[in-house]
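Source file: protein_12.pdb (PDB, C-alpha atoms, pLDDT in the B column)
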MODEL        1
ATOM      1  CA  MET H   1     -40.610  35.724 -37.364  1.00 39.00           C
ATOM      2  CA  ASN H   2     -39.190  36.048 -40.841  1.00 43.00           C
ATOM      3  CA  SER H   3     -36.421  38.647 -40.933  1.00 43.00           C
ATOM      4  CA  LEU H   4     -37.907  40.013 -44.144  1.00 44.00           C
ATOM      5  CA  ASN H   5     -40.836  41.395 -42.147  1.00 43.00           C
ATOM      6  CA  ASN H   6     -38.423  43.644 -40.265  1.00 40.00           C
ATOM      7  CA  GLU H   7     -36.533  44.762 -43.356  1.00 45.00           C
ATOM      8  CA  ALA H   8     -39.670  45.313 -45.449  1.00 47.00           C
ATOM      9  CA  ARG H   9     -38.159  43.587 -48.485  1.00 56.00           C
ATOM     10  CA  SER H  10     -35.425  46.163 -48.900  1.00 73.00           C
ATOM     11  CA  VAL H  11     -34.540  47.179 -52.445  1.00 77.00           C
ATOM     12  CA  LEU H  12     -30.967  48.398 -52.551  1.00 85.00           C
ATOM     13  CA  ARG H  13     -28.161  49.168 -54.951  1.00 87.00           C
ATOM     14  CA  HIS H  14     -24.844  47.338 -54.889  1.00 87.00           C
ATOM     15  CA  PHE H  15     -21.620  48.666 -56.360  1.00 88.00           C
ATOM     16  CA  SER H  16     -21.025  45.428 -58.298  1.00 86.00           C
ATOM     17  CA  HIS H  17     -24.279  45.464 -60.281  1.00 87.00           C
ATOM     18  CA  GLU H  18     -26.156  47.873 -62.528  1.00 86.00           C
ATOM     19  CA  HIS H  19     -29.670  46.992 -61.324  1.00 89.00           C
ATOM     20  CA  SER H  20     -31.371  47.256 -57.944  1.00 90.00           C
ATOM     21  CA  LEU H  21     -31.334  44.156 -55.731  1.00 89.00           C
ATOM     22  CA  GLU H  22     -34.198  42.989 -53.545  1.00 89.00           C
ATOM     23  CA  LEU H  23     -33.809  41.144 -50.250  1.00 89.00           C
ATOM     24  CA  THR H  24     -35.799  37.951 -50.514  1.00 86.00           C
ATOM     25  CA  SER H  25     -35.808  34.351 -49.319  1.00 82.00           C
ATOM     26  CA  PHE H  26     -34.748  31.431 -51.491  1.00 81.00           C
ATOM     27  CA  SER H  27     -37.614  28.977 -51.903  1.00 77.00           C
ATOM     28  CA  GLY H  28     -35.356  26.073 -52.793  1.00 70.00           C
ATOM     29  CA  THR H  29     -37.018  25.576 -56.166  1.00 74.00           C
ATOM     30  CA  GLY H  30     -34.347  25.031 -58.793  1.00 71.00           C
ATOM     31  CA  THR H  31     -30.769  26.129 -58.162  1.00 77.00           C
ATOM     32  CA  ALA H  32     -29.232  29.558 -57.704  1.00 82.00           C
ATOM     33  CA  VAL H  33     -25.630  30.539 -57.059  1.00 87.00           C
ATOM     34  CA  CYS H  34     -24.166  33.574 -55.355  1.00 89.00           C
ATOM     35  CA  LEU H  35     -22.149  35.436 -57.995  1.00 86.00           C
ATOM     36  CA  ALA H  36     -19.634  36.630 -55.394  1.00 88.00           C
ATOM     37  CA  CYS H  37     -18.557  33.354 -53.752  1.00 86.00           C
ATOM     38  CA  ASN H  38     -19.889  30.839 -56.313  1.00 84.00           C
ATOM     39  CA  ILE H  39     -21.655  28.859 -53.555  1.00 85.00           C
ATOM     40  CA  GLN H  40     -25.254  27.719 -54.015  1.00 86.00           C
ATOM     41  CA  LEU H  41     -28.030  29.504 -52.172  1.00 84.00           C
ATOM     42  CA  ILE H  42     -29.718  27.577 -49.367  1.00 81.00           C
ATOM     43  CA  ALA H  43     -33.481  27.126 -49.109  1.00 82.00           C
ATOM     44  CA  GLY H  44     -35.060  29.366 -46.498  1.00 80.00           C
ATOM     45  CA  LYS H  45     -32.068  31.723 -46.277  1.00 83.00           C
ATOM     46  CA  ASP H  46     -32.345  35.395 -47.205  1.00 87.00           C
ATOM     47  CA  TYR H  47     -30.347  36.701 -50.140  1.00 87.00           C
ATOM     48  CA  TYR H  48     -30.298  39.634 -52.547  1.00 90.00           C
ATOM     49  CA  ALA H  49     -31.725  39.027 -56.021  1.00 89.00           C
ATOM     50  CA  CYS H  50     -31.957  41.055 -59.196  1.00 89.00           C
ATOM     51  CA  ARG H  51     -35.403  40.922 -60.808  1.00 87.00           C
ATOM     52  CA  ALA H  52     -34.048  42.106 -64.155  1.00 89.00           C
ATOM     53  CA  CYS H  53     -31.366  39.447 -64.620  1.00 89.00           C
ATOM     54  CA  PRO H  54     -30.058  36.261 -62.930  1.00 87.00           C
ATOM     55  CA  PHE H  55     -27.790  37.985 -60.403  1.00 88.00           C
ATOM     56  CA  SER H  56     -27.786  36.859 -56.744  1.00 89.00           C
ATOM     57  CA  LEU H  57     -25.720  37.564 -53.649  1.00 90.00           C
ATOM     58  CA  HIS H  58     -25.712  35.969 -50.214  1.00 88.00           C
ATOM     59  CA  ARG H  59     -26.377  38.547 -47.547  1.00 88.00           C
ATOM     60  CA  PRO H  60     -22.796  38.284 -46.118  1.00 88.00           C
ATOM     61  CA  CYS H  61     -21.394  38.765 -49.637  1.00 89.00           C
ATOM     62  CA  PHE H  62     -23.666  41.753 -50.238  1.00 89.00           C
ATOM     63  CA  ASN H  63     -22.429  43.354 -47.013  1.00 89.00           C
ATOM     64  CA  MET H  64     -18.713  43.026 -47.747  1.00 89.00           C
ATOM     65  CA  PRO H  65     -17.113  46.499 -47.944  1.00 91.00           C
ATOM     66  CA  GLU H  66     -16.140  47.860 -51.338  1.00 92.00           C
ATOM     67  CA  LEU H  67     -12.756  49.084 -50.051  1.00 93.00           C
ATOM     68  CA  VAL H  68     -10.617  47.617 -47.276  1.00 91.00           C
ATOM     69  CA  GLN H  69      -7.494  48.651 -45.443  1.00 92.00           C
ATOM     70  CA  HIS H  70      -5.058  45.832 -44.725  1.00 93.00           C
ATOM     71  CA  PRO H  71      -1.468  45.774 -43.423  1.00 93.00           C
ATOM     72  CA  ALA H  72      -0.472  43.514 -46.303  1.00 91.00           C
ATOM     73  CA  ASP H  73      -1.211  46.341 -48.734  1.00 89.00           C
ATOM     74  CA  THR H  74      -0.738  49.469 -46.651  1.00 87.00           C
ATOM     75  CA  GLY H  75      -2.202  52.660 -48.079  1.00 86.00           C
ATOM     76  CA  HIS H  76      -3.587  51.071 -51.244  1.00 90.00           C
ATOM     77  CA  ASP H  77      -7.146  50.178 -50.141  1.00 91.00           C
ATOM     78  CA  PRO H  78      -7.852  47.101 -52.322  1.00 93.00           C
ATOM     79  CA  LYS H  79     -11.255  47.257 -54.025  1.00 93.00           C
ATOM     80  CA  LEU H  80     -13.830  44.472 -54.221  1.00 92.00           C
ATOM     81  CA  LEU H  81     -14.520  43.404 -57.808  1.00 90.00           C
ATOM     82  CA  LEU H  82     -16.315  40.520 -59.494  1.00 87.00           C
ATOM     83  CA  THR H  83     -13.898  38.718 -61.771  1.00 85.00           C
ATOM     84  CA  PRO H  84     -14.174  35.517 -63.848  1.00 83.00           C
ATOM     85  CA  CYS H  85     -10.858  34.119 -62.603  1.00 90.00           C
ATOM     86  CA  PHE H  86      -8.063  35.250 -60.311  1.00 92.00           C
ATOM     87  CA  GLN H  87      -5.260  33.904 -58.126  1.00 92.00           C
ATOM     88  CA  SER H  88      -5.079  35.066 -54.528  1.00 91.00           C
ATOM     89  CA  ARG H  89      -1.762  36.576 -53.495  1.00 91.00           C
ATOM     90  CA  ALA H  90      -2.438  35.391 -49.948  1.00 91.00           C
ATOM     91  CA  CYS H  91      -3.189  31.668 -50.323  1.00 87.00           C
ATOM     92  CA  GLY H  92      -2.123  31.073 -53.924  1.00 87.00           C
ATOM     93  CA  HIS H  93      -5.388  29.395 -54.922  1.00 87.00           C
ATOM     94  CA  GLN H  94      -7.496  30.389 -57.882  1.00 89.00           C
ATOM     95  CA  GLY H  95     -10.926  31.837 -57.360  1.00 87.00           C
ATOM     96  CA  VAL H  96     -14.025  32.897 -59.252  1.00 87.00           C
ATOM     97  CA  GLY H  97     -16.294  35.741 -58.206  1.00 88.00           C
ATOM     98  CA  SER H  98     -15.417  38.413 -55.679  1.00 89.00           C
ATOM     99  CA  ALA H  99     -11.792  39.413 -55.157  1.00 92.00           C
ATOM    100  CA  TYR H 100     -10.106  42.391 -53.606  1.00 94.00           C
ATOM    101  CA  HIS H 101      -7.927  44.000 -56.271  1.00 94.00           C
ATOM    102  CA  CYS H 102      -5.035  46.389 -55.721  1.00 94.00           C
ATOM    103  CA  HIS H 103      -4.615  48.329 -58.952  1.00 91.00           C
ATOM    104  CA  LEU H 104      -1.253  49.741 -57.815  1.00 92.00           C
ATOM    105  CA  CYS H 105       0.331  46.365 -57.041  1.00 91.00           C
ATOM    106  CA  GLN H 106      -1.721  44.440 -59.615  1.00 92.00           C
ATOM    107  CA  VAL H 107      -2.529  41.663 -57.156  1.00 93.00           C
ATOM    108  CA  GLN H 108      -5.786  40.050 -56.077  1.00 94.00           C
ATOM    109  CA  TYR H 109      -6.887  38.524 -52.790  1.00 93.00           C
ATOM    110  CA  HIS H 110      -9.741  36.216 -51.869  1.00 89.00           C
ATOM    111  CA  SER H 111     -12.107  38.246 -49.725  1.00 85.00           C
ATOM    112  CA  LEU H 112     -11.876  35.531 -47.077  1.00 83.00           C
ATOM    113  CA  CYS H 113      -8.091  35.796 -47.004  1.00 88.00           C
ATOM    114  CA  LEU H 114      -8.208  39.496 -46.167  1.00 88.00           C
ATOM    115  CA  PHE H 115     -10.649  38.870 -43.321  1.00 87.00           C
ATOM    116  CA  MET H 116      -8.548  36.189 -41.655  1.00 89.00           C
ATOM    117  CA  PRO H 117      -7.416  37.345 -38.176  1.00 91.00           C
ATOM    118  CA  LEU H 118      -3.972  38.871 -37.766  1.00 93.00           C
ATOM    119  CA  ALA H 119      -3.467  36.637 -34.723  1.00 93.00           C
ATOM    120  CA  LYS H 120      -5.239  33.467 -33.690  1.00 89.00           C
ATOM    121  CA  TRP H 121      -5.133  30.649 -31.174  1.00 86.00           C
ATOM    122  CA  SER H 122      -4.687  27.079 -32.367  1.00 82.00           C
ATOM    123  CA  TYR H 123      -5.036  23.629 -30.809  1.00 81.00           C
ATOM    124  CA  CYS H 124      -1.698  22.700 -32.307  1.00 82.00           C
ATOM    125  CA  HIS H 125       0.475  25.236 -30.444  1.00 87.00           C
ATOM    126  CA  PRO H 126       0.525  26.766 -26.918  1.00 89.00           C
ATOM    127  CA  HIS H 127       1.158  30.329 -28.156  1.00 92.00           C
ATOM    128  CA  ASP H 128      -0.831  32.678 -30.354  1.00 92.00           C
ATOM    129  CA  LEU H 129       0.043  32.459 -34.043  1.00 93.00           C
ATOM    130  CA  HIS H 130       0.527  35.659 -36.016  1.00 95.00           C
ATOM    131  CA  LEU H 131      -0.235  36.193 -39.676  1.00 94.00           C
ATOM    132  CA  LYS H 132       2.865  36.788 -41.799  1.00 93.00           C
ATOM    133  CA  PHE H 133       2.687  37.965 -45.399  1.00 92.00           C
ATOM    134  CA  SER H 134       5.823  36.079 -46.471  1.00 88.00           C
ATOM    135  CA  PRO H 135       8.152  33.497 -44.891  1.00 88.00           C
ATOM    136  CA  PRO H 136      10.869  35.044 -42.709  1.00 86.00           C
ATOM    137  CA  TYR H 137      13.676  33.093 -44.360  1.00 83.00           C
ATOM    138  CA  GLY H 138      14.432  35.298 -47.371  1.00 72.00           C
ATOM    139  CA  ASN H 139      12.599  35.914 -50.620  1.00 61.00           C
ATOM    140  CA  SER H 140      14.000  32.815 -52.319  1.00 63.00           C
ATOM    141  CA  GLN H 141      13.016  30.394 -49.553  1.00 71.00           C
ATOM    142  CA  GLY H 142       9.718  28.990 -48.477  1.00 81.00           C
ATOM    143  CA  PHE H 143       9.055  27.085 -45.274  1.00 88.00           C
ATOM    144  CA  HIS H 144       8.012  23.673 -43.999  1.00 88.00           C
ATOM    145  CA  CYS H 145       4.680  23.484 -42.234  1.00 90.00           C
ATOM    146  CA  ASP H 146       5.175  22.254 -38.666  1.00 91.00           C
ATOM    147  CA  LEU H 147       1.675  20.764 -38.620  1.00 87.00           C
ATOM    148  CA  CYS H 148       1.374  18.768 -41.849  1.00 88.00           C
ATOM    149  CA  GLY H 149       5.081  18.553 -42.744  1.00 88.00           C
ATOM    150  CA  ASN H 150       4.582  19.754 -46.326  1.00 89.00           C
ATOM    151  CA  PRO H 151       6.542  22.643 -47.845  1.00 88.00           C
ATOM    152  CA  GLY H 152       5.144  26.141 -48.154  1.00 85.00           C
ATOM    153  CA  SER H 153       5.915  28.757 -50.772  1.00 83.00           C
ATOM    154  CA  GLY H 154       6.283  32.523 -50.477  1.00 82.00           C
ATOM    155  CA  LEU H 155       2.618  32.983 -49.576  1.00 87.00           C
ATOM    156  CA  TRP H 156       0.977  33.975 -46.299  1.00 92.00           C
ATOM    157  CA  LEU H 157       1.385  31.788 -43.228  1.00 93.00           C
ATOM    158  CA  TYR H 158       0.757  31.765 -39.495  1.00 94.00           C
ATOM    159  CA  ARG H 159       3.854  31.829 -37.280  1.00 94.00           C
ATOM    160  CA  CYS H 160       5.024  31.844 -33.688  1.00 94.00           C
ATOM    161  CA  ASN H 161       8.259  33.838 -33.748  1.00 93.00           C
ATOM    162  CA  ALA H 162       9.363  32.683 -30.304  1.00 92.00           C
ATOM    163  CA  CYS H 163       9.237  29.004 -31.269  1.00 92.00           C
ATOM    164  CA  GLU H 164       9.881  29.414 -35.012  1.00 92.00           C
ATOM    165  CA  PHE H 165       6.665  27.489 -35.548  1.00 93.00           C
ATOM    166  CA  ASP H 166       5.177  27.928 -39.041  1.00 93.00           C
ATOM    167  CA  ILE H 167       1.940  26.558 -40.508  1.00 92.00           C
ATOM    168  CA  HIS H 168       0.053  26.946 -43.762  1.00 89.00           C
ATOM    169  CA  PHE H 169      -3.007  29.140 -44.033  1.00 83.00           C
ATOM    170  CA  SER H 170      -5.167  26.044 -44.551  1.00 79.00           C
ATOM    171  CA  CYS H 171      -3.578  24.132 -41.684  1.00 83.00           C
ATOM    172  CA  SER H 172      -4.168  27.043 -39.312  1.00 80.00           C
ATOM    173  CA  THR H 173      -7.871  26.964 -40.138  1.00 72.00           C
ATOM    174  CA  ALA H 174      -8.113  23.225 -39.617  1.00 66.00           C
ATOM    175  CA  ALA H 175      -6.147  23.440 -36.386  1.00 59.00           C
ATOM    176  CA  SER H 176      -8.682  25.929 -35.001  1.00 57.00           C
ATOM    177  CA  ALA H 177     -11.323  23.180 -35.017  1.00 51.00           C
ATOM    178  CA  PRO H 178     -10.370  19.922 -33.241  1.00 48.00           C
ATOM    179  CA  ASN H 179     -12.506  17.728 -35.529  1.00 46.00           C
ATOM    180  CA  ALA H 180     -11.216  19.132 -38.826  1.00 43.00           C
ATOM    181  CA  PRO H 181      -8.455  17.248 -40.683  1.00 41.00           C
ATOM    182  CA  PRO H 182      -5.213  19.285 -40.690  1.00 41.00           C
ATOM    183  CA  ASN H 183      -4.496  18.834 -44.400  1.00 41.00           C
ATOM    184  CA  LEU H 184      -7.898  19.916 -45.743  1.00 38.00           C
ATOM    185  CA  PRO H 185      -7.400  21.998 -48.926  1.00 39.00           C
ATOM    186  CA  GLN H 186      -7.465  25.756 -48.488  1.00 42.00           C
ATOM    187  CA  SER H 187     -10.385  26.186 -50.863  1.00 40.00           C
ATOM    188  CA  LEU H 188     -12.556  23.896 -48.726  1.00 38.00           C
ATOM    189  CA  GLN H 189     -11.407  25.580 -45.535  1.00 44.00           C
ATOM    190  CA  ALA H 190     -12.431  28.942 -46.953  1.00 44.00           C
ATOM    191  CA  MET H 191     -15.756  27.528 -48.053  1.00 43.00           C
ATOM    192  CA  GLY H 192     -16.321  26.189 -44.531  1.00 45.00           C
ATOM    193  CA  ILE H 193     -15.773  29.603 -42.956  1.00 43.00           C
ATOM    194  CA  HIS H 194     -18.051  31.230 -45.491  1.00 45.00           C
ATOM    195  CA  MET H 195     -20.769  28.591 -45.148  1.00 41.00           C
ATOM    196  CA  SER H 196     -20.673  29.044 -41.383  1.00 45.00           C
ATOM    197  CA  SER H 197     -21.448  32.727 -41.815  1.00 44.00           C
ATOM    198  CA  ILE H 198     -24.305  31.948 -44.221  1.00 41.00           C
ATOM    199  CA  THR H 199     -25.905  28.932 -42.571  1.00 39.00           C
ATOM    200  CA  GLY H 200     -25.028  29.473 -38.938  1.00 42.00           C
ATOM    201  CA  THR H 201     -23.657  25.930 -38.697  1.00 37.00           C
ATOM    202  CA  GLN H 202     -20.170  24.924 -37.663  1.00 35.00           C
ATOM    203  CA  PHE H 203     -17.865  23.605 -40.355  1.00 31.00           C
ATOM    204  CA  LYS H 204     -16.833  19.963 -39.891  1.00 31.00           C
TER     205      LYS H 204
ENDMDL
END
Just dump the structure as structure tokens.
Amino acid sequence: MNSLNNEARSVLRHFSHEHSLELTSFSGTGTAVCLACNIQLIAGKDYYACRACPFSLHRPCFNMPELVQHPADTGHDPKLLLTPCFQSRACGHQGVGSAYHCHLCQVQYHSLCLFMPLAKWSYCHPHDLHLKFSPPYGNSQGFHCDLCGNPGSGLWLYRCNACEFDIHFSCSTAASAPNAPPNLPQSLQAMGIHMSSITGTQFK
């Protein structure tokens, strides 16, 4: 049964857009892109569309909270905004679309970065890895990734304190899936996580 039957083609407001948005299903005719993540809509999948202008959001993007609380930015509650270009303080990569913005610190984060787990298990290490918001070697030093061997800057990383085992954000994502290459770029790793939430398929 089509999920739209249960939701009666909901017409809702979203804080990022001036017009009402309607839950509908993409027919696959032509192309349409989610304005939050900049990923194309998939035929047969539900999404929110504006009938007054070409504005579309995947359902997971529509449901992202406007404000978040995160230990990396304690007490500041970064706000979700649509922006033409930004650089994530977490992973260092540029993005287009939705970003969480802290107006007090004047930094932006990819929405996917803020929803990464604070601790995770990896195939590459016997202990849980914990998210760190900067390398533990001093502000002027980065780190060397113990998975891919490449250097890391002063950005976020996953670390086992007991073993002094450090890995990049992107390497930690690849290492969570045994078939994923460990040096896959962070932007593609993030896209894989997001596409999994939209399509229900596992990222390869």
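The closest residue to Thr74 in chain H, picked from H:Cys50, H:Cys91, H:Cys102, H:Val33 and counting all atoms listed in the file, is H:Cys102.
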I'd like to see the residues matched by the PyMOL selection byres ((chain H and resi 110-115) around 6) on this file, and ideally I'd get them as an mmCIF file with C-alpha atoms, keeping the file's coordinate frame.
data_model
loop_
_atom_site.group_PDB
_atom_site.id
_atom_site.type_symbol
_atom_site.label_atom_id
_atom_site.label_comp_id
_atom_site.auth_asym_id
_atom_site.auth_seq_id
_atom_site.Cartn_x
_atom_site.Cartn_y
_atom_site.Cartn_z
ATOM 1 C CA SER H 88 -5.079 35.066 -54.528
ATOM 2 C CA ALA H 99 -11.792 39.413 -55.157
ATOM 3 C CA TYR H 109 -6.887 38.524 -52.790
ATOM 4 C CA MET H 116 -8.548 36.189 -41.655
#
ask   = For Thr83 in chain H, which residue out of H:Asn161, H:Gln40, H:Ser98, H:Gln69 is the nearest one, using all atoms listed in the file?
value =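 Residue with the minimum atom-to-atom distance to Thr83 in chain H: H:Ser98.
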message = So the first atom is CA of Tyr123 in chain H and the second is CA of Trp156 in chain H; what is the distance between them in Å, to one decimal place?
response =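 These atoms are spaced 19.6 Å apart.
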All residues 7 Å or closer to Val68 in chain H, only C-alpha atoms, same chain fewer than 4 positions away omitted, as a short mmCIF file (atom, residue, chain, number, x, y, z; two decimals) with C-alpha atoms, in the frame of the given file:
data_model
loop_
_atom_site.label_atom_id
_atom_site.label_comp_id
_atom_site.auth_asym_id
_atom_site.auth_seq_id
_atom_site.Cartn_x
_atom_site.Cartn_y
_atom_site.Cartn_z
CA ASP H 77 -7.15 50.18 -50.14
CA PRO H 78 -7.85 47.10 -52.32
CA LYS H 79 -11.26 47.26 -54.02
#
inquiry  = Using all atoms listed in the file, can you tell me which of H:Pro135, H:Pro84, H:Pro126, H:Pro71 comes closest to Ser153 in chain H?
reply    =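 Closest to Ser153 in chain H of all the choices is H:Pro135.
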ask   = Suppose you want the space between CA of Glu22 in chain H and CA of Ser56 in chain H; what is it in Å?
value =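 Distance between the two atoms: 9.4 Å.
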inquiry  = Report, in Å with one decimal, the straight-line distance from CA of Arg59 in chain H to CA of Ala72 in chain H.
reply    = 26.4 Å
Expansion of the PyMOL selection byres ((chain H and resi 26) around 8) into residues, as a PyMOL selection string = chain H and resi 24-25+27-29+41-47
task = Take the PyMOL selection byres ((chain H and resi 149) around 12), apply it to the structure above, and return the hits as a ChimeraX atom specification.
result = /H:143-148,150-152,165-168,171,182-183
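Surrounding residues of (0.0, 41.5, -64.0) at most 10 Å away are His103, Cys105, Gln106, Val107 and Gln108 of chain H (based on all atoms listed in the file).
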query = Which one of H:Phe169, H:Ala90, H:Gly142, H:Asp73 sits closest to Lys120 in chain H if you count all atoms listed in the file?
reply = H:Phe169
